[in-house]
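K.L.:
upload13.cif (mmCIF, C-alpha atoms and all ligand atoms) pasted underneath:
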data_target
#
loop_
_atom_site.label_atom_id
_atom_site.label_comp_id
_atom_site.auth_asym_id
_atom_site.auth_seq_id
_atom_site.Cartn_x
_atom_site.Cartn_y
_atom_site.Cartn_z
CA MET A 25 0.00 0.00 0.00
CA SER A 26 1.27 3.46 -0.89
CA LYS A 27 2.39 5.61 2.01
CA LEU A 28 3.15 8.47 -0.38
CA VAL A 29 -0.17 10.30 -0.13
CA ASP A 30 -0.35 14.08 0.25
CA GLN A 31 -2.76 16.31 2.16
CA PHE A 32 -4.98 16.51 -0.97
CA GLN A 33 -5.25 12.68 -1.10
CA ARG A 34 -3.13 12.43 -4.22
CA LYS A 35 -1.12 9.21 -4.40
CA PHE A 36 2.47 9.24 -5.65
CA GLU A 37 3.44 5.84 -7.00
CA TYR A 38 5.50 7.27 -9.84
CA LEU A 39 9.08 8.56 -9.53
CA ARG A 40 10.85 10.52 -12.24
CA LEU A 41 14.51 10.12 -11.63
CA SER A 42 17.07 12.29 -13.41
CA VAL A 43 20.41 10.54 -13.74
CA THR A 44 22.36 13.30 -15.50
CA ASP A 45 22.02 16.94 -16.54
CA VAL A 46 24.27 16.39 -19.55
CA CYS A 47 22.70 16.57 -22.99
CA ASN A 48 24.05 16.49 -26.52
CA PHE A 49 21.08 18.36 -28.08
CA LYS A 50 20.36 22.08 -27.94
CA CYS A 51 16.59 22.27 -27.90
CA THR A 52 15.58 25.92 -28.16
CA TYR A 53 13.17 25.66 -25.21
CA CYS A 54 15.53 23.74 -22.93
CA LEU A 55 19.28 24.13 -23.57
CA PRO A 56 19.55 26.54 -26.52
CA ASN A 57 23.28 26.98 -25.97
CA GLY A 58 23.92 23.34 -25.18
CA TYR A 59 24.83 21.88 -21.82
CA HIS A 60 27.47 23.66 -19.74
CA ARG A 61 28.63 22.17 -16.49
CA GLU A 62 28.00 24.60 -13.66
CA HIS A 63 29.21 22.48 -10.74
CA LYS A 64 31.85 19.91 -9.94
CA LYS A 65 29.52 17.44 -8.23
CA GLN A 66 29.11 13.88 -9.45
CA PHE A 67 25.70 12.73 -10.61
CA LEU A 68 24.03 9.98 -8.55
CA SER A 69 26.04 6.74 -8.61
CA LEU A 70 24.54 3.32 -9.21
CA VAL A 71 24.67 2.57 -5.46
CA GLU A 72 22.93 5.85 -4.64
CA ILE A 73 20.28 5.16 -7.30
CA SER A 74 19.74 1.68 -5.89
CA ASN A 75 19.30 2.93 -2.31
CA LEU A 76 17.05 5.75 -3.44
CA VAL A 77 14.73 3.54 -5.50
CA GLN A 78 14.56 0.96 -2.69
CA GLY A 79 13.46 3.69 -0.28
CA PHE A 80 10.75 4.88 -2.65
CA ALA A 81 9.64 1.31 -3.41
CA GLN A 82 9.23 0.57 0.29
CA LEU A 83 6.82 3.50 0.47
CA GLY A 84 4.76 2.14 -2.42
CA THR A 85 6.39 3.56 -5.59
CA LYS A 86 5.66 1.20 -8.48
CA LYS A 87 6.90 3.01 -11.56
CA VAL A 88 10.21 4.79 -12.23
CA ARG A 89 11.03 6.90 -15.25
CA ILE A 90 14.72 7.44 -15.89
CA THR A 91 15.27 10.88 -17.40
CA GLY A 92 17.72 13.76 -17.58
CA GLY A 93 19.40 15.64 -19.43
CA GLU A 94 19.90 12.80 -21.81
CA PRO A 95 19.88 9.66 -19.65
CA SER A 96 21.26 7.36 -22.34
CA LEU A 97 24.53 9.32 -22.36
CA ARG A 98 25.42 7.63 -19.07
CA ARG A 99 27.85 4.80 -19.71
CA ASP A 100 26.12 2.71 -17.06
CA PHE A 101 22.62 3.37 -18.45
CA VAL A 102 21.95 -0.36 -18.96
CA ASP A 103 23.05 -1.07 -15.37
CA ILE A 104 20.76 1.69 -14.12
CA ILE A 105 17.77 0.16 -15.95
CA GLU A 106 18.64 -3.27 -14.53
CA THR A 107 19.10 -1.97 -10.99
CA VAL A 108 15.80 -0.12 -10.98
CA LYS A 109 13.94 -3.03 -12.58
CA ASN A 110 15.31 -5.49 -10.02
CA THR A 111 14.19 -3.41 -7.06
CA GLN A 112 11.50 -5.21 -5.12
CA GLY A 113 8.14 -3.49 -5.62
CA ILE A 114 9.03 -1.69 -8.86
CA GLU A 115 6.67 -2.92 -11.57
CA LYS A 116 7.52 -0.64 -14.45
CA VAL A 117 10.68 1.09 -15.67
CA ALA A 118 10.40 3.73 -18.38
CA THR A 119 12.75 6.26 -19.89
CA THR A 120 12.51 9.54 -21.79
CA THR A 121 15.18 10.03 -24.42
CA ASN A 122 16.05 12.29 -27.33
CA GLY A 123 16.55 9.11 -29.37
CA PHE A 124 20.20 9.73 -30.18
CA ARG A 125 21.38 6.30 -28.97
CA MET A 126 18.21 4.36 -29.64
CA ALA A 127 18.89 2.75 -33.00
CA LYS A 128 22.09 1.24 -31.63
CA SER A 129 21.09 0.40 -28.07
CA VAL A 130 17.35 0.10 -27.56
CA ALA A 131 17.44 -3.72 -27.79
CA ASP A 132 19.96 -3.76 -24.91
CA TRP A 133 17.72 -1.47 -22.87
CA LYS A 134 14.78 -3.79 -23.48
CA ALA A 135 16.86 -6.81 -22.49
CA ALA A 136 17.87 -5.00 -19.28
CA GLY A 137 14.20 -4.66 -18.33
CA LEU A 138 12.97 -1.40 -19.81
CA ASP A 139 9.18 -1.55 -20.08
CA ALA A 140 8.28 1.71 -21.80
CA ILE A 141 9.95 4.41 -23.81
CA ASN A 142 9.18 8.06 -24.64
CA VAL A 143 11.12 9.67 -27.47
CA SER A 144 11.19 13.40 -28.03
CA MET A 145 10.54 14.44 -31.60
CA ASP A 146 9.37 17.96 -32.27
CA SER A 147 8.87 17.81 -36.03
CA LEU A 148 8.62 15.36 -38.90
CA ASP A 149 10.25 17.92 -41.16
CA ALA A 150 14.03 17.45 -41.11
CA ASN A 151 14.80 21.18 -41.35
CA MET A 152 12.38 22.09 -38.59
CA PHE A 153 13.69 19.26 -36.42
CA HIS A 154 17.19 20.66 -36.92
CA GLN A 155 16.03 24.20 -36.14
CA ILE A 156 14.30 23.18 -32.90
CA THR A 157 16.84 20.68 -31.53
CA GLY A 158 20.07 22.11 -32.93
CA GLU A 159 20.85 18.70 -34.45
CA ASN A 160 20.20 17.45 -37.97
CA LEU A 161 19.19 14.01 -36.75
CA LEU A 162 15.56 13.37 -37.65
CA THR A 163 16.46 10.27 -39.70
CA ARG A 164 18.48 8.85 -36.86
CA VAL A 165 15.71 9.36 -34.30
CA MET A 166 13.20 7.83 -36.74
CA ALA A 167 15.47 4.78 -37.11
CA GLY A 168 15.55 4.59 -33.31
CA ILE A 169 11.75 4.43 -33.15
CA ASP A 170 11.73 1.62 -35.75
CA ALA A 171 14.39 -0.17 -33.70
CA ALA A 172 12.23 0.10 -30.56
CA PHE A 173 9.34 -1.66 -32.30
CA ALA A 174 11.75 -4.25 -33.70
CA ALA A 175 13.11 -4.83 -30.18
CA GLY A 176 9.64 -5.74 -28.96
CA PHE A 177 8.06 -2.54 -27.59
CA SER A 178 4.42 -2.76 -28.64
CA GLN A 179 3.89 0.99 -28.23
CA VAL A 180 6.26 3.95 -28.34
CA LYS A 181 5.33 7.33 -26.90
CA VAL A 182 6.58 10.39 -28.72
CA ASN A 183 6.84 13.78 -26.99
CA THR A 184 6.36 16.86 -29.17
CA VAL A 185 6.62 20.31 -27.62
CA LEU A 186 3.87 22.28 -29.30
CA MET A 187 5.03 25.61 -30.70
CA LYS A 188 3.16 28.26 -32.66
CA ARG A 189 4.67 28.97 -36.12
CA LEU A 190 7.17 26.11 -35.71
CA ASN A 191 5.28 22.82 -35.53
CA ALA A 192 1.68 23.54 -34.46
CA HIS A 193 0.59 23.49 -38.14
CA GLU A 194 2.02 19.97 -38.64
CA LEU A 195 -0.93 18.13 -37.07
CA ASP A 196 -2.04 16.46 -40.32
CA THR A 197 1.49 15.19 -41.02
CA PHE A 198 1.73 13.77 -37.50
CA LEU A 199 -1.70 12.14 -37.83
CA ALA A 200 -0.74 10.47 -41.14
CA TRP A 201 2.43 9.20 -39.48
CA ILE A 202 0.67 7.55 -36.53
CA LYS A 203 -2.19 6.12 -38.62
CA PRO A 204 -0.45 2.75 -39.18
CA ARG A 205 1.80 2.89 -36.06
CA ASN A 206 1.06 2.22 -32.39
CA ILE A 207 2.53 5.54 -31.33
CA GLN A 208 1.03 7.74 -28.66
CA LEU A 209 2.05 11.18 -29.85
CA ARG A 210 1.91 13.60 -26.96
CA PHE A 211 1.77 17.31 -27.61
CA ILE A 212 3.24 19.08 -24.61
CA GLU A 213 2.46 22.75 -24.21
CA LEU A 214 5.61 24.83 -24.13
CA MET A 215 6.33 25.64 -20.49
CA GLN A 216 7.98 28.80 -19.30
CA THR A 217 11.18 28.28 -17.34
CA GLY A 218 13.70 30.74 -15.97
CA ASP A 219 15.68 30.59 -19.22
CA ASN A 220 13.15 30.79 -22.04
CA HIS A 221 10.92 33.84 -21.50
CA ALA A 222 11.24 35.32 -25.04
CA LEU A 223 10.72 31.96 -26.72
CA PHE A 224 7.69 31.30 -24.54
CA GLN A 225 6.15 34.66 -25.47
CA ALA A 226 6.73 34.03 -29.17
CA HIS A 227 5.70 30.40 -29.45
CA HIS A 228 3.42 29.27 -26.64
CA ILE A 229 0.07 28.03 -27.90
CA SER A 230 -2.63 26.20 -25.98
CA GLY A 231 -3.13 22.49 -26.62
CA SER A 232 -6.86 23.26 -26.80
CA VAL A 233 -6.25 24.43 -30.40
CA ILE A 234 -5.17 20.88 -31.28
CA MET A 235 -8.00 19.42 -29.22
CA LYS A 236 -10.61 21.31 -31.30
CA GLN A 237 -9.06 20.08 -34.56
CA LEU A 238 -9.04 16.50 -33.28
CA ILE A 239 -12.68 16.63 -32.19
CA ASN A 240 -13.68 18.12 -35.56
CA GLN A 241 -11.97 15.16 -37.25
CA GLY A 242 -13.86 12.57 -35.17
CA TRP A 243 -11.28 11.89 -32.44
CA VAL A 244 -12.70 10.88 -29.07
CA GLU A 245 -11.23 11.43 -25.62
CA LYS A 246 -10.49 8.20 -23.73
CA VAL A 247 -11.93 7.74 -20.27
CA ARG A 248 -9.30 8.47 -17.65
CA GLN A 249 -8.36 5.84 -15.10
CA ALA A 250 -7.71 6.87 -11.50
CA THR A 251 -3.99 6.09 -11.91
CA ASP A 252 -3.57 8.10 -15.13
CA GLY A 253 -1.34 11.14 -15.11
CA PRO A 254 -2.26 14.57 -16.43
CA ALA A 255 -2.24 13.71 -20.18
CA ARG A 256 -5.62 13.75 -21.95
CA VAL A 257 -5.61 10.97 -24.54
CA PHE A 258 -7.64 10.88 -27.78
CA CYS A 259 -8.28 7.94 -30.12
CA HIS A 260 -9.90 7.33 -33.51
CA SER A 261 -11.07 4.02 -34.97
CA ASP A 262 -9.17 4.62 -38.25
CA TYR A 263 -5.84 5.09 -36.45
CA SER A 264 -3.49 2.65 -34.71
CA GLY A 265 -1.86 5.57 -32.90
CA GLU A 266 -3.26 7.93 -30.26
CA ILE A 267 -2.82 11.61 -29.45
CA GLY A 268 -2.06 12.83 -25.94
CA LEU A 269 -2.36 16.44 -24.83
CA ILE A 270 -0.39 17.75 -21.88
CA MET A 271 -1.71 21.17 -20.95
CA PRO A 272 -0.12 22.40 -17.73
CA TYR A 273 -1.75 25.82 -18.02
CA GLU A 274 -5.25 24.32 -17.80
CA SER A 275 -7.00 24.71 -14.48
CA HIS A 276 -7.12 21.47 -12.47
CA PHE A 277 -4.05 20.12 -14.32
CA CYS A 278 -2.40 19.38 -10.98
CA ASP A 279 -5.40 17.52 -9.53
CA SER A 280 -4.19 14.31 -11.20
CA CYS A 281 -0.52 14.80 -10.27
CA ASN A 282 0.90 11.37 -9.46
CA ARG A 283 4.67 11.90 -9.66
CA LEU A 284 7.61 12.96 -7.56
CA ARG A 285 10.99 13.92 -8.95
CA VAL A 286 14.56 13.44 -7.88
CA SER A 287 17.33 15.43 -9.57
CA SER A 288 20.60 13.97 -10.78
CA LEU A 289 22.26 15.45 -7.67
CA GLY A 290 19.83 13.72 -5.34
CA ARG A 291 17.33 16.40 -4.43
CA LEU A 292 13.64 15.63 -4.10
CA HIS A 293 11.38 17.98 -6.07
CA LEU A 294 7.70 17.91 -5.26
CA CYS A 295 6.83 19.76 -8.45
CA LEU A 296 8.53 20.52 -11.75
CA PHE A 297 8.01 24.14 -10.84
CA GLY A 298 8.27 23.69 -7.11
CA GLU A 299 11.10 24.84 -5.00
CA GLN A 300 14.76 24.33 -4.37
CA GLY A 301 14.18 20.71 -3.39
CA THR A 302 14.97 18.57 -0.37
CA GLU A 303 18.46 17.08 0.00
CA LEU A 304 18.44 13.28 0.03
CA ARG A 305 22.00 12.46 -0.85
CA ASP A 306 23.33 12.20 2.70
CA LEU A 307 20.95 9.24 3.13
CA LEU A 308 21.82 7.42 -0.08
CA GLN A 309 25.30 6.12 0.66
CA THR A 310 24.15 2.95 2.41
CA SER A 311 20.91 0.99 2.66
CA GLU A 312 21.18 1.31 6.46
CA HIS A 313 19.70 4.80 6.13
CA SER A 314 16.58 3.55 4.37
CA GLU A 315 14.25 4.25 7.34
CA ALA A 316 15.54 7.81 7.67
CA LEU A 317 15.22 8.31 3.93
CA GLN A 318 11.59 7.16 3.96
CA GLN A 319 10.88 9.42 6.91
CA ARG A 320 12.34 12.43 5.10
CA LEU A 321 10.33 11.69 1.96
CA MET A 322 7.09 11.49 3.92
CA GLU A 323 7.84 14.69 5.84
CA ALA A 324 8.60 16.56 2.62
CA LEU A 325 5.43 15.31 0.95
CA LYS A 326 3.37 16.97 3.68
CA THR A 327 4.43 20.32 2.20
CA LYS A 328 3.41 19.62 -1.41
CA ARG A 329 1.16 22.39 -2.66
CA ALA A 330 -2.17 21.88 -4.45
CA SER A 331 -0.82 23.17 -7.74
CA HIS A 332 1.92 25.09 -9.48
CA PHE A 333 1.50 28.82 -9.97
CA LEU A 334 2.68 28.98 -13.57
CA GLN A 335 -0.27 31.07 -14.67
CA GLN A 336 0.88 33.72 -12.23
CA GLY A 337 4.38 33.57 -13.71
CA GLU A 338 5.80 31.79 -10.64
CA LEU A 339 8.43 29.44 -12.03
CA GLY A 340 9.98 28.11 -8.83
CA GLY A 341 13.69 27.42 -9.11
CA THR A 342 13.52 25.74 -12.51
CA VAL A 343 15.96 27.32 -14.95
CA HIS A 344 15.38 24.69 -17.62
CA LEU A 345 13.83 21.23 -17.54
CA ALA A 346 17.12 19.43 -18.23
CA SER A 347 18.10 20.30 -14.64
CA ILE A 348 15.45 18.17 -12.96
CA GLY A 349 14.23 16.00 -15.80
CA GLY A 350 11.10 17.17 -17.63
N1 LIG B 1 16.63 14.50 -23.09
C1 LIG B 1 15.46 13.73 -22.98
C2 LIG B 1 14.41 14.15 -23.99
O1 LIG B 1 14.53 15.24 -24.53
O2 LIG B 1 13.49 13.38 -24.20
C3 LIG B 1 14.86 13.71 -21.58
C4 LIG B 1 14.84 15.00 -20.81
S1 LIG B 1 13.80 16.29 -21.47
C5 LIG B 1 14.05 17.59 -20.31
C6 LIG B 1 12.20 15.63 -21.08
C7 LIG B 1 11.03 16.22 -21.86
O3 LIG B 1 10.83 17.55 -21.47
C8 LIG B 1 11.23 16.25 -23.39
O4 LIG B 1 10.18 15.60 -24.03
C9 LIG B 1 11.24 17.71 -23.72
O5 LIG B 1 10.71 17.94 -24.98
C10 LIG B 1 10.42 18.30 -22.60
N2 LIG B 1 10.70 19.72 -22.33
C11 LIG B 1 11.89 20.29 -22.05
N3 LIG B 1 11.76 21.61 -21.85
C12 LIG B 1 10.44 21.89 -22.02
C13 LIG B 1 9.66 23.08 -21.93
N4 LIG B 1 10.20 24.26 -21.63
N5 LIG B 1 8.33 22.99 -22.15
C14 LIG B 1 7.75 21.79 -22.44
N6 LIG B 1 8.43 20.63 -22.51
C15 LIG B 1 9.76 20.67 -22.32
FE1 LIG B 2 18.38 17.73 -24.25
FE2 LIG B 2 15.99 16.75 -23.81
FE3 LIG B 2 16.58 19.28 -23.13
FE4 LIG B 2 16.37 18.64 -25.72
S1 LIG B 2 14.72 18.55 -24.17
S2 LIG B 2 18.01 19.85 -24.76
S3 LIG B 2 17.15 16.59 -25.72
S4 LIG B 2 17.42 17.48 -22.21
#
Go ahead and render the structure in this file as structure tokens.

P.N.:
Amino acid sequence: MSKLVDQFQRKFEYLRLSVTDVCNFKCTYCLPNGYHREHKKQFLSLVEISNLVQGFAQLGTKKVRITGGEPSLRRDFVDIIETVKNTQGIEKVATTTNGFRMAKSVADWKAAGLDAINVSMDSLDANMFHQITGENLLTRVMAGIDAAFAAGFSQVKVNTVLMKRLNAHELDTFLAWIKPRNIQLRFIELMQTGDNHALFQAHHISGSVIMKQLINQGWVEKVRQATDGPARVFCHSDYSGEIGLIMPYESHFCDSCNRLRVSSLGRLHLCLFGEQGTELRDLLQTSEHSEALQQRLMEALKTKRASHFLQQGELGGTVHLASIGG
């Protein structure tokens, strides 16, 4: 039974764990100038990750998403997947990746126990993909998605950050692409962070624009299960794929929050746009501190707020999402 329940009766059985801040892409909304190391600290080690996930699992966490930065740049990425998967109580291990290493390595990730994969792909047009991510690698990421299906993933989720004048007009191309493929394409509204104010002003567009187009074309919203996260998912009988909409600026978005985050330096974040985080690292060196770790997690959860205050322009301490894993 989950002990990670907050004062608003939300249950947190889902941990998003960042294992590195490093990234090799330069997405305009995240790391437009590429990754620059701003500290000398080491990212969480395999032992620290193991102790951390065990602590969470003992409190009822069932699903872990390994994210970053670009998580697959870690040399021990396969070991991380295996360690998380082998933790008692963890039922599902997922990752979010920019797809750079997928074509080569996704079969190894699957063999290590990876259950689900999200790939970021902001455009199906090679030039636009290059413009948004700073890398001319659409073909490579596409090959990675094919490799994921070939490795045995029955569904792949694709994350697309929705941006006015850049990719928001590409809906029909995306729909044609997912028609024969079991892809859940998730449009994520561009979120404002400390670093991207001008871009946000120029390109933010509400996901409701896409929702109207979908409904006009006969798409139907799927019924949400109690354990579903904040994405609203639409399906159509003519399509193998689905469309998800993630609209953090909608009221009540946070009502279905079901996730906690830990940064690559071992700080607990109760919200993507929360606060400076709670230090956990001093309790991760040995499994003997597991009780104390669990106590600290439960204490911190008591302070989780009902929602973010993005609409009011309150961005918390989040400079860009690569720092705590989007
Ligand atoms: N590097 C991996 C990737 O890009 O998939 C994992 C980390 S990335 C921070 C996780 C997700 O956050 C990606 O799908 C990315 O598109 C999304 N993201 C990053 N910054 C964002 C922003 N400002 N608004 C909305 N989504 C953002
Ligand atoms: Fe890297 Fe992912 Fe950020 Fe793009 S969104 S810069 S791939 S961490």

K.L.:
Dump as a Markdown table the rows for residues of segment 260-308 of chain A within 9 Å of segment 53-67 of chain A: closest atom pair and distance in Å with one decimal, all atoms listed in the file counted, ordered by chain and rising residue number.

P.N.:
| residue | atom | partner | partner_atom | distance |
| --- | --- | --- | --- | --- |
| A:Ser287 | CA | A:Phe67 | CA | 8.9 |
| A:Ser288 | CA | A:Phe67 | CA | 5.3 |
| A:Leu289 | CA | A:Phe67 | CA | 5.3 |
| A:Gly290 | CA | A:Phe67 | CA | 8.0 |

K.L.:
May I ask you to write as a list in words all residues lying at most 6 Å from ligand LIG 1 (chain B), with all atoms listed in the file counted?

P.N.:
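Final answer, ordered by chain and number: Tyr53, Cys54, Thr91, Gly92, Gly93, Glu94, Thr120, Thr121, Asn122, Val143, Ser144, Asn183, Val185, Ile212, Glu213, Leu214, Met215, Gln216, Thr217, Leu345, Ala346, Gly349 and Gly350 of chain A.
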
K.L.:
I'd like the contact shell of segment 252-258 of chain A - 7 Å cut-off, only C-alpha atoms, skipping same-chain residues fewer than 4 positions apart - returned as a PDB file with C-alpha atoms, keeping the file's coordinate frame.

P.N.:
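As a result, around.pdb now contains:
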ATOM      1  CA  TRP A 243     -11.280  11.890 -32.440  1.00  0.00           C
ATOM      2  CA  VAL A 244     -12.700  10.880 -29.070  1.00  0.00           C
ATOM      3  CA  GLU A 245     -11.230  11.430 -25.620  1.00  0.00           C
ATOM      4  CA  LYS A 246     -10.490   8.200 -23.730  1.00  0.00           C
ATOM      5  CA  ARG A 248      -9.300   8.470 -17.650  1.00  0.00           C
ATOM      6  CA  GLU A 266      -3.260   7.930 -30.260  1.00  0.00           C
ATOM      7  CA  ILE A 267      -2.820  11.610 -29.450  1.00  0.00           C
ATOM      8  CA  GLY A 268      -2.060  12.830 -25.940  1.00  0.00           C
ATOM      9  CA  LEU A 269      -2.360  16.440 -24.830  1.00  0.00           C
ATOM     10  CA  ILE A 270      -0.390  17.750 -21.880  1.00  0.00           C
ATOM     11  CA  PHE A 277      -4.050  20.120 -14.320  1.00  0.00           C
ATOM     12  CA  SER A 280      -4.190  14.310 -11.200  1.00  0.00           C
ATOM     13  CA  CYS A 281      -0.520  14.800 -10.270  1.00  0.00           C
ATOM     14  CA  ASN A 282       0.900  11.370  -9.460  1.00  0.00           C
TER      15      ASN A 282
END

K.L.:
So that I can see what lies close to Val77 of chain A, please list as an MDAnalysis selection string the residues with an atom at most 7 Å from it, counting only C-alpha atoms and leaving out residues fewer than 4 positions away in the same chain.

P.N.:
chainID A and resid 73 81 108

K.L.:
Compile the contact shell of Thr111 of chain A as a list in words: residues with an atom at most 12 Å away, counting all atoms listed in the file, same-chain residues fewer than 5 positions apart removed.

P.N.:
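What passes the distance filter is Ile73, Ser74, Asn75, Leu76, Val77, Gln78, Gly79, Phe80, Ala81, Gln82, Gly84, Thr85, Lys86, Lys87, Val88, Ile104, Ile105, Glu106, Lys116, Val117 and Gly137 of chain A.
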
K.L.:
Interatomic distance between atom CA of Ser178 of chain A and atom CA of Asn151 of chain A?

P.N.:
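Result for atom CA of Ser178 of chain A versus atom CA of Asn151 of chain A: 29.0 Å, one decimal.
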
K.L.:
With distances taken over all atoms listed in the file, which residue among A:Met145, A:Ala192, A:Met126, A:Ile348 lies nearest Gln237 of chain A?

P.N.:
A:Ala192

K.L.:
My list of candidates is A:Asp100, A:Asp30, A:Asp196, A:Asp170. Which is closest to Ser147 of chain A when distances are computed with all atoms listed in the file?

P.N.:
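Residue with the minimum atom-to-atom distance to Ser147 of chain A: A:Asp196.
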
K.L.:
One decimal, Å: what's the distance from atom S4 of ligand LIG 2 (chain B) over to atom CA of Leu317 of chain A, could you say?

P.N.:
27.8 Å

K.L.:
How many Å lie between atom S2 of ligand LIG 2 (chain B) and atom CA of Thr157 of chain A, rounded to one decimal?

P.N.:
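Spanning atom S2 of ligand LIG 2 (chain B) to atom CA of Thr157 of chain A is a straight-line distance of 6.9 Å.
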
K.L.:
Which residues are near Met187 of chain A? Cut-off 12 Å, all atoms listed in the file, ignore same chain within fewer than 3 positions. Put them as a PyMOL selection string.

P.N.:
chain A and resi 52-53+146-147+152+156+184+190-195+211-215+223-231+233-234

K.L.:
Considering only C-alpha atoms and all ligand atoms, state which residue in the set A:Val343, A:Leu28, A:Leu308, A:Met235 is at the smallest distance from ligand LIG 2 (chain B).

P.N.:
A:Val343

K.L.:
Smallest atom-to-atom distance to Gly123 of chain A: which of A:Asn160, A:Ser331, A:Ser96, A:Thr197, using all atoms listed in the file?

P.N.:
A:Ser96

K.L.:
Find the residue from A:Glu159, A:Asp103, A:Glu37, A:Asp139 that sits nearest to ligand LIG 2 (chain B); use all atoms listed in the file when measuring.

P.N.:
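Between A:Glu159, A:Asp103, A:Glu37, A:Asp139, the residue approaching ligand LIG 2 (chain B) most closely is A:Glu159.
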
K.L.:
Taking all atoms listed in the file into account, name the residue in A:His344, A:Thr163, A:Thr119, A:Gly176 that is nearest to ligand LIG 2 (chain B).

P.N.:
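Counting all atoms listed in the file, the residue closest to ligand LIG 2 (chain B) is A:His344.
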
K.L.:
Taking the point (20.9, 10.9, -38.4) as given in the file, collect each protein or nucleic acid residue that comes within 12 Å of it, counting all atoms listed in the file, and present the set as a PyMOL selection string.

P.N.:
chain A and resi 123-128+150+153-154+159-168

K.L.:
Now that the selection is made, can you save its residues with C-alpha atoms as a PDB file, in the frame of the given file?

P.N.:
ATOM      1  CA  GLY A 123      16.550   9.110 -29.370  1.00  0.00           C
ATOM      2  CA  PHE A 124      20.200   9.730 -30.180  1.00  0.00           C
ATOM      3  CA  ARG A 125      21.380   6.300 -28.970  1.00  0.00           C
ATOM      4  CA  MET A 126      18.210   4.360 -29.640  1.00  0.00           C
ATOM      5  CA  ALA A 127      18.890   2.750 -33.000  1.00  0.00           C
ATOM      6  CA  LYS A 128      22.090   1.240 -31.630  1.00  0.00           C
ATOM      7  CA  ALA A 150      14.030  17.450 -41.110  1.00  0.00           C
ATOM      8  CA  PHE A 153      13.690  19.260 -36.420  1.00  0.00           C
ATOM      9  CA  HIS A 154      17.190  20.660 -36.920  1.00  0.00           C
ATOM     10  CA  GLU A 159      20.850  18.700 -34.450  1.00  0.00           C
ATOM     11  CA  ASN A 160      20.200  17.450 -37.970  1.00  0.00           C
ATOM     12  CA  LEU A 161      19.190  14.010 -36.750  1.00  0.00           C
ATOM     13  CA  LEU A 162      15.560  13.370 -37.650  1.00  0.00           C
ATOM     14  CA  THR A 163      16.460  10.270 -39.700  1.00  0.00           C
ATOM     15  CA  ARG A 164      18.480   8.850 -36.860  1.00  0.00           C
ATOM     16  CA  VAL A 165      15.710   9.360 -34.300  1.00  0.00           C
ATOM     17  CA  MET A 166      13.200   7.830 -36.740  1.00  0.00           C
ATOM     18  CA  ALA A 167      15.470   4.780 -37.110  1.00  0.00           C
ATOM     19  CA  GLY A 168      15.550   4.590 -33.310  1.00  0.00           C
TER      20      GLY A 168
END

K.L.:
Set up a box along x, y and z of the file covering all listed atoms of segment 291-310 of chain A, add 4 Å on every one of the six sides, and write the centre and edge lengths in Å to one decimal, as JSON.

P.N.:
{"center_x": 16.1, "center_y": 13.9, "center_z": -4.3, "size_x": 26.5, "size_y": 29.9, "size_z": 22.9}
